[in-house]
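A quick write-up on the structure given underneath.
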Amino acid sequence: SRRDRGYYHYMVNVTALSFNMVSNSGRDTAKDSFEYFAVCNDNNNDYMETKEPNFFMGPTLYDTNPVGSNLVNRFGEPCNSAAEPCFFLHADMLHESPSCIGIAHDPEVETSYGTVYWAFDSTGDRKDGELVRFDFQQPHGPGSMDHSVAAIRR
């Protein structure tokens, strides 16, 4: 079993996940996000009830390619031993949906990276919600924290 090294933010209270299963999309292989997956969290970002909620949450994107630098040990170094626990590093995260209760990958082949997901955000009174289109556009990859390149539509 694997989790993000910062699971208390990126993988806490995961309610749904969805894989990009579009192979042979015609995209540049350096940009194609085939076999990436995104998770949805229903969490107000209270760091497992240790801080006041700041609602800075949303879908998190992961790359499943074992060749990439997306697995690290507890020191943040590449994980290359079966004897030590390995942790995921997220490929990107968008912060506009703290009460995300469902997510689905859009199999479109028009965008550069194929990282379009539809999520249901129940923020507010938790009775009414919104369907939100998240396009990670250009995932920052492991080790970066720049979550600014994206398009979100409500």
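Labels used: A, B, ... for chains in the order of the structure tokens, numbers from 1 for residues in each chain, and numbers from 1 for ligands as shown.
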Long-range neighbours of Ala150 in chain A as a compact mmCIF listing (two decimals) with N, CA, C and O atoms, in the first residue's frame, 10 Å cut-off, only C-alpha atoms, 4 positions minimum in chain:
```
# COMPACT_ATOMS: atom_id res chain seq x y z
N ASP A 92 0.46 17.08 -9.23
CA ASP A 92 -0.17 18.40 -9.21
C ASP A 92 -1.36 18.36 -8.26
O ASP A 92 -1.84 17.29 -7.90
N MET A 93 -1.83 19.53 -7.87
CA MET A 93 -3.02 19.65 -7.03
C MET A 93 -3.69 20.98 -7.33
O MET A 93 -3.02 21.98 -7.54
N LEU A 94 -5.01 20.95 -7.35
CA LEU A 94 -5.79 22.18 -7.52
C LEU A 94 -6.64 22.37 -6.28
O LEU A 94 -7.10 21.42 -5.68
N THR A 115 -5.23 15.92 -18.99
CA THR A 115 -5.45 15.94 -17.54
C THR A 115 -6.73 16.68 -17.17
O THR A 115 -6.77 17.44 -16.22
N VAL A 116 -7.80 16.41 -17.91
CA VAL A 116 -9.09 17.02 -17.61
C VAL A 116 -9.90 16.02 -16.78
O VAL A 116 -10.04 14.85 -17.14
N PHE A 134 -11.92 20.43 -14.01
CA PHE A 134 -10.54 20.73 -13.64
C PHE A 134 -9.62 20.28 -14.78
O PHE A 134 -9.62 19.10 -15.13
N ASP A 135 -8.86 21.19 -15.33
CA ASP A 135 -7.83 20.84 -16.30
C ASP A 135 -6.49 21.22 -15.67
O ASP A 135 -6.17 22.40 -15.53
N PHE A 136 -5.73 20.22 -15.27
CA PHE A 136 -4.43 20.50 -14.65
C PHE A 136 -3.47 21.14 -15.66
O PHE A 136 -2.43 21.67 -15.27
N GLN A 137 -3.81 21.12 -16.93
CA GLN A 137 -3.11 21.71 -18.07
C GLN A 137 -1.66 21.28 -18.20
O GLN A 137 -1.28 20.72 -19.19
N GLN A 138 -0.82 21.59 -17.24
CA GLN A 138 0.60 21.26 -17.31
C GLN A 138 1.06 20.84 -15.92
O GLN A 138 1.53 21.66 -15.15
N PRO A 139 0.92 19.56 -15.58
CA PRO A 139 1.29 19.11 -14.23
C PRO A 139 2.72 19.51 -13.88
O PRO A 139 3.63 19.37 -14.69
```
Strand (DSSP E) call set, DSSP backbone run, chain A, as number ranges by chain = A: 14-19, 36-41, 60-63, 71-72, 87-88, 92-93, 100-105, 116-121, 130-135, 151-153
request  = Figure out the distance between CA of Thr111 in chain A and CA of Pro98 in chain A, please, to one decimal in Å.
outcome  =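 CA of Thr111 in chain A lies 25.1 Å from CA of Pro98 in chain A.
Separating CA of Lys51 in chain A from CA of Ser148 in chain A is a distance of 24.3 Å.
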inquiry  = Can you measure CA of Phe34 in chain A to CA of Gly114 in chain A for me? One decimal in Å is fine.
reply    =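 Interatomic distance, CA of Phe34 in chain A to CA of Gly114 in chain A: 7.7 Å.
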query = Near Glu110 in chain A, within 10 Å and counting only C-alpha atoms, which residues show up once chain neighbours fewer than 6 positions away are dropped, as a VMD selection string?
reply = chain A and resid 25 to 27
Surrounding residues of Phe37 in chain A excluding itself and chain neighbours under 4 positions, 7 Å, only C-alpha atoms, as a ChimeraX atom specification = /A:17-20,61-63
Could you please take those selected residues and save C-alpha atoms as an mmCIF file, in the first residue's frame?
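The new file selection38.cif reads:
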```cif
data_model
loop_
_atom_site.group_PDB
_atom_site.id
_atom_site.type_symbol
_atom_site.label_atom_id
_atom_site.label_comp_id
_atom_site.auth_asym_id
_atom_site.auth_seq_id
_atom_site.Cartn_x
_atom_site.Cartn_y
_atom_site.Cartn_z
ATOM 1 C CA LEU A 17 -10.348 8.307 -7.663
ATOM 2 C CA SER A 18 -10.215 8.119 -11.429
ATOM 3 C CA PHE A 19 -7.553 6.911 -13.860
ATOM 4 C CA ASN A 20 -6.652 8.260 -17.281
ATOM 5 C CA LEU A 61 -3.006 14.210 -9.540
ATOM 6 C CA TYR A 62 -0.534 11.288 -9.406
ATOM 7 C CA ASP A 63 1.693 9.613 -12.000
#
```
inquiry  = Residues within 8 Å of Tyr117 in chain A, please, as a VMD selection string. Count only C-alpha atoms; anything in the same chain fewer than 6 positions from it doesn't count.
reply    = chain A and resid 38 103 to 106 133 to 135
query = Using only C-alpha atoms, which of the listed residues (A:Cys79, A:Leu71, A:Val132, A:Leu89) sits closest to Met11 in chain A?
reply = A:Leu89
message = Residues near His9 in chain A, anyone? I mean within 10 Å using only C-alpha atoms, not counting same-chain ones fewer than 5 positions away, as a ChimeraX atom specification.
response = /A:4,41,43-48,56-58,60
Can those selected residues be exported to a file as an mmCIF file, in the first residue's frame so that it contains all heavy atoms?
```cif
data_model
loop_
_atom_site.group_PDB
_atom_site.id
_atom_site.type_symbol
_atom_site.label_atom_id
_atom_site.label_comp_id
_atom_site.auth_asym_id
_atom_site.auth_seq_id
_atom_site.Cartn_x
_atom_site.Cartn_y
_atom_site.Cartn_z
ATOM 1 N N ASP A 4 0.734 9.273 -0.122
ATOM 2 C CA ASP A 4 1.568 10.448 -0.325
ATOM 3 C C ASP A 4 2.335 10.730 0.957
ATOM 4 O O ASP A 4 1.824 10.513 2.061
ATOM 5 C CB ASP A 4 0.677 11.642 -0.686
ATOM 6 C CG ASP A 4 1.465 12.810 -1.236
ATOM 7 O OD1 ASP A 4 2.270 13.390 -0.482
ATOM 8 O OD2 ASP A 4 1.265 13.148 -2.409
ATOM 9 N N ASN A 41 -10.847 14.646 -2.418
ATOM 10 C CA ASN A 41 -10.877 14.626 -0.956
ATOM 11 C C ASN A 41 -12.075 15.405 -0.436
ATOM 12 O O ASN A 41 -12.333 16.508 -0.895
ATOM 13 C CB ASN A 41 -9.619 15.302 -0.384
ATOM 14 C CG ASN A 41 -8.352 14.692 -0.904
ATOM 15 O OD1 ASN A 41 -8.020 13.579 -0.559
ATOM 16 N ND2 ASN A 41 -7.638 15.423 -1.750
ATOM 17 N N ASN A 43 -12.517 17.142 2.502
ATOM 18 C CA ASN A 43 -11.769 17.601 3.669
ATOM 19 C C ASN A 43 -11.568 19.108 3.577
ATOM 20 O O ASN A 43 -11.236 19.625 2.521
ATOM 21 C CB ASN A 43 -10.418 16.885 3.724
ATOM 22 C CG ASN A 43 -9.640 17.241 4.951
ATOM 23 O OD1 ASN A 43 -8.983 18.274 4.996
ATOM 24 N ND2 ASN A 43 -9.697 16.392 5.962
ATOM 25 N N ASN A 44 -11.746 19.795 4.673
ATOM 26 C CA ASN A 44 -11.593 21.254 4.694
ATOM 27 C C ASN A 44 -10.170 21.701 4.982
ATOM 28 O O ASN A 44 -9.925 22.851 5.281
ATOM 29 C CB ASN A 44 -12.556 21.863 5.714
ATOM 30 C CG ASN A 44 -13.988 21.725 5.260
ATOM 31 O OD1 ASN A 44 -14.273 21.712 4.059
ATOM 32 N ND2 ASN A 44 -14.903 21.596 6.197
ATOM 33 N N ASN A 45 -9.223 20.782 4.896
ATOM 34 C CA ASN A 45 -7.803 21.044 5.109
ATOM 35 C C ASN A 45 -7.514 21.519 6.529
ATOM 36 O O ASN A 45 -7.006 22.602 6.762
ATOM 37 C CB ASN A 45 -7.262 22.051 4.086
ATOM 38 C CG ASN A 45 -5.757 21.976 3.985
ATOM 39 O OD1 ASN A 45 -5.174 20.918 4.147
ATOM 40 N ND2 ASN A 45 -5.125 23.090 3.708
ATOM 41 N N ASP A 46 -7.819 20.630 7.459
ATOM 42 C CA ASP A 46 -7.530 20.929 8.867
ATOM 43 C C ASP A 46 -6.350 20.097 9.385
ATOM 44 O O ASP A 46 -6.112 20.011 10.583
ATOM 45 C CB ASP A 46 -8.766 20.699 9.743
ATOM 46 C CG ASP A 46 -9.260 19.265 9.692
ATOM 47 O OD1 ASP A 46 -8.597 18.394 9.089
ATOM 48 O OD2 ASP A 46 -10.332 19.011 10.263
ATOM 49 N N TYR A 47 -5.595 19.527 8.438
ATOM 50 C CA TYR A 47 -4.402 18.737 8.782
ATOM 51 C C TYR A 47 -4.703 17.720 9.879
ATOM 52 O O TYR A 47 -4.076 17.696 10.923
ATOM 53 C CB TYR A 47 -3.226 19.639 9.130
ATOM 54 C CG TYR A 47 -2.755 20.426 7.931
ATOM 55 C CD1 TYR A 47 -3.317 21.660 7.622
ATOM 56 C CD2 TYR A 47 -1.785 19.907 7.088
ATOM 57 C CE1 TYR A 47 -2.910 22.369 6.501
ATOM 58 C CE2 TYR A 47 -1.378 20.617 5.965
ATOM 59 C CZ TYR A 47 -1.939 21.842 5.674
ATOM 60 O OH TYR A 47 -1.545 22.541 4.557
ATOM 61 N N MET A 48 -5.718 16.899 9.562
ATOM 62 C CA MET A 48 -6.156 15.821 10.455
ATOM 63 C C MET A 48 -6.540 16.343 11.837
ATOM 64 O O MET A 48 -6.113 15.819 12.860
ATOM 65 C CB MET A 48 -5.087 14.737 10.525
ATOM 66 C CG MET A 48 -4.850 14.105 9.153
ATOM 67 S SD MET A 48 -3.653 12.776 9.131
ATOM 68 C CE MET A 48 -4.500 11.570 10.116
ATOM 69 N N PHE A 56 -8.419 24.969 1.684
ATOM 70 C CA PHE A 56 -7.470 24.994 0.573
ATOM 71 C C PHE A 56 -7.224 23.567 0.093
ATOM 72 O O PHE A 56 -6.168 22.987 0.292
ATOM 73 C CB PHE A 56 -6.168 25.666 1.043
ATOM 74 C CG PHE A 56 -5.279 26.128 -0.069
ATOM 75 C CD1 PHE A 56 -5.725 27.049 -0.999
ATOM 76 C CD2 PHE A 56 -3.984 25.652 -0.177
ATOM 77 C CE1 PHE A 56 -4.902 27.485 -2.013
ATOM 78 C CE2 PHE A 56 -3.149 26.087 -1.190
ATOM 79 C CZ PHE A 56 -3.612 27.002 -2.111
ATOM 80 N N MET A 57 -8.270 22.978 -0.501
ATOM 81 C CA MET A 57 -8.224 21.583 -0.939
ATOM 82 C C MET A 57 -8.813 21.430 -2.329
ATOM 83 O O MET A 57 -9.519 22.307 -2.814
ATOM 84 C CB MET A 57 -9.024 20.699 0.021
ATOM 85 C CG MET A 57 -8.399 20.508 1.368
ATOM 86 S SD MET A 57 -6.858 19.610 1.341
ATOM 87 C CE MET A 57 -7.424 17.970 0.981
ATOM 88 N N GLY A 58 -8.552 20.288 -2.929
ATOM 89 C CA GLY A 58 -9.108 19.962 -4.228
ATOM 90 C C GLY A 58 -8.482 18.707 -4.780
ATOM 91 O O GLY A 58 -7.706 18.035 -4.088
ATOM 92 N N THR A 60 -6.163 15.937 -6.458
ATOM 93 C CA THR A 60 -4.713 15.749 -6.508
ATOM 94 C C THR A 60 -4.407 14.729 -7.593
ATOM 95 O O THR A 60 -5.064 13.698 -7.695
ATOM 96 C CB THR A 60 -4.185 15.232 -5.153
ATOM 97 O OG1 THR A 60 -4.633 16.104 -4.120
ATOM 98 C CG2 THR A 60 -2.666 15.200 -5.134
#
```
key: Nearest to Pro59 in chain A by atom-to-atom distance, counting only C-alpha atoms, from A:Val72, A:Val109, A:Cys40, A:Val14   =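 Ranking A:Val72, A:Val109, A:Cys40, A:Val14 by distance to Pro59 in chain A, first place goes to A:Cys40.
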task = Measuring atom to atom with only C-alpha atoms, identify which of A:Glu96, A:Glu130, A:Glu49, A:Glu77 is nearest to Val12 in chain A.
result =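 Among the listed residues, A:Glu49 lies closest to Val12 in chain A.
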key: Nearest to Arg2 in chain A by atom-to-atom distance, counting only C-alpha atoms, from A:Asp28, A:Glu84, A:Glu108, A:Glu52   = A:Glu84
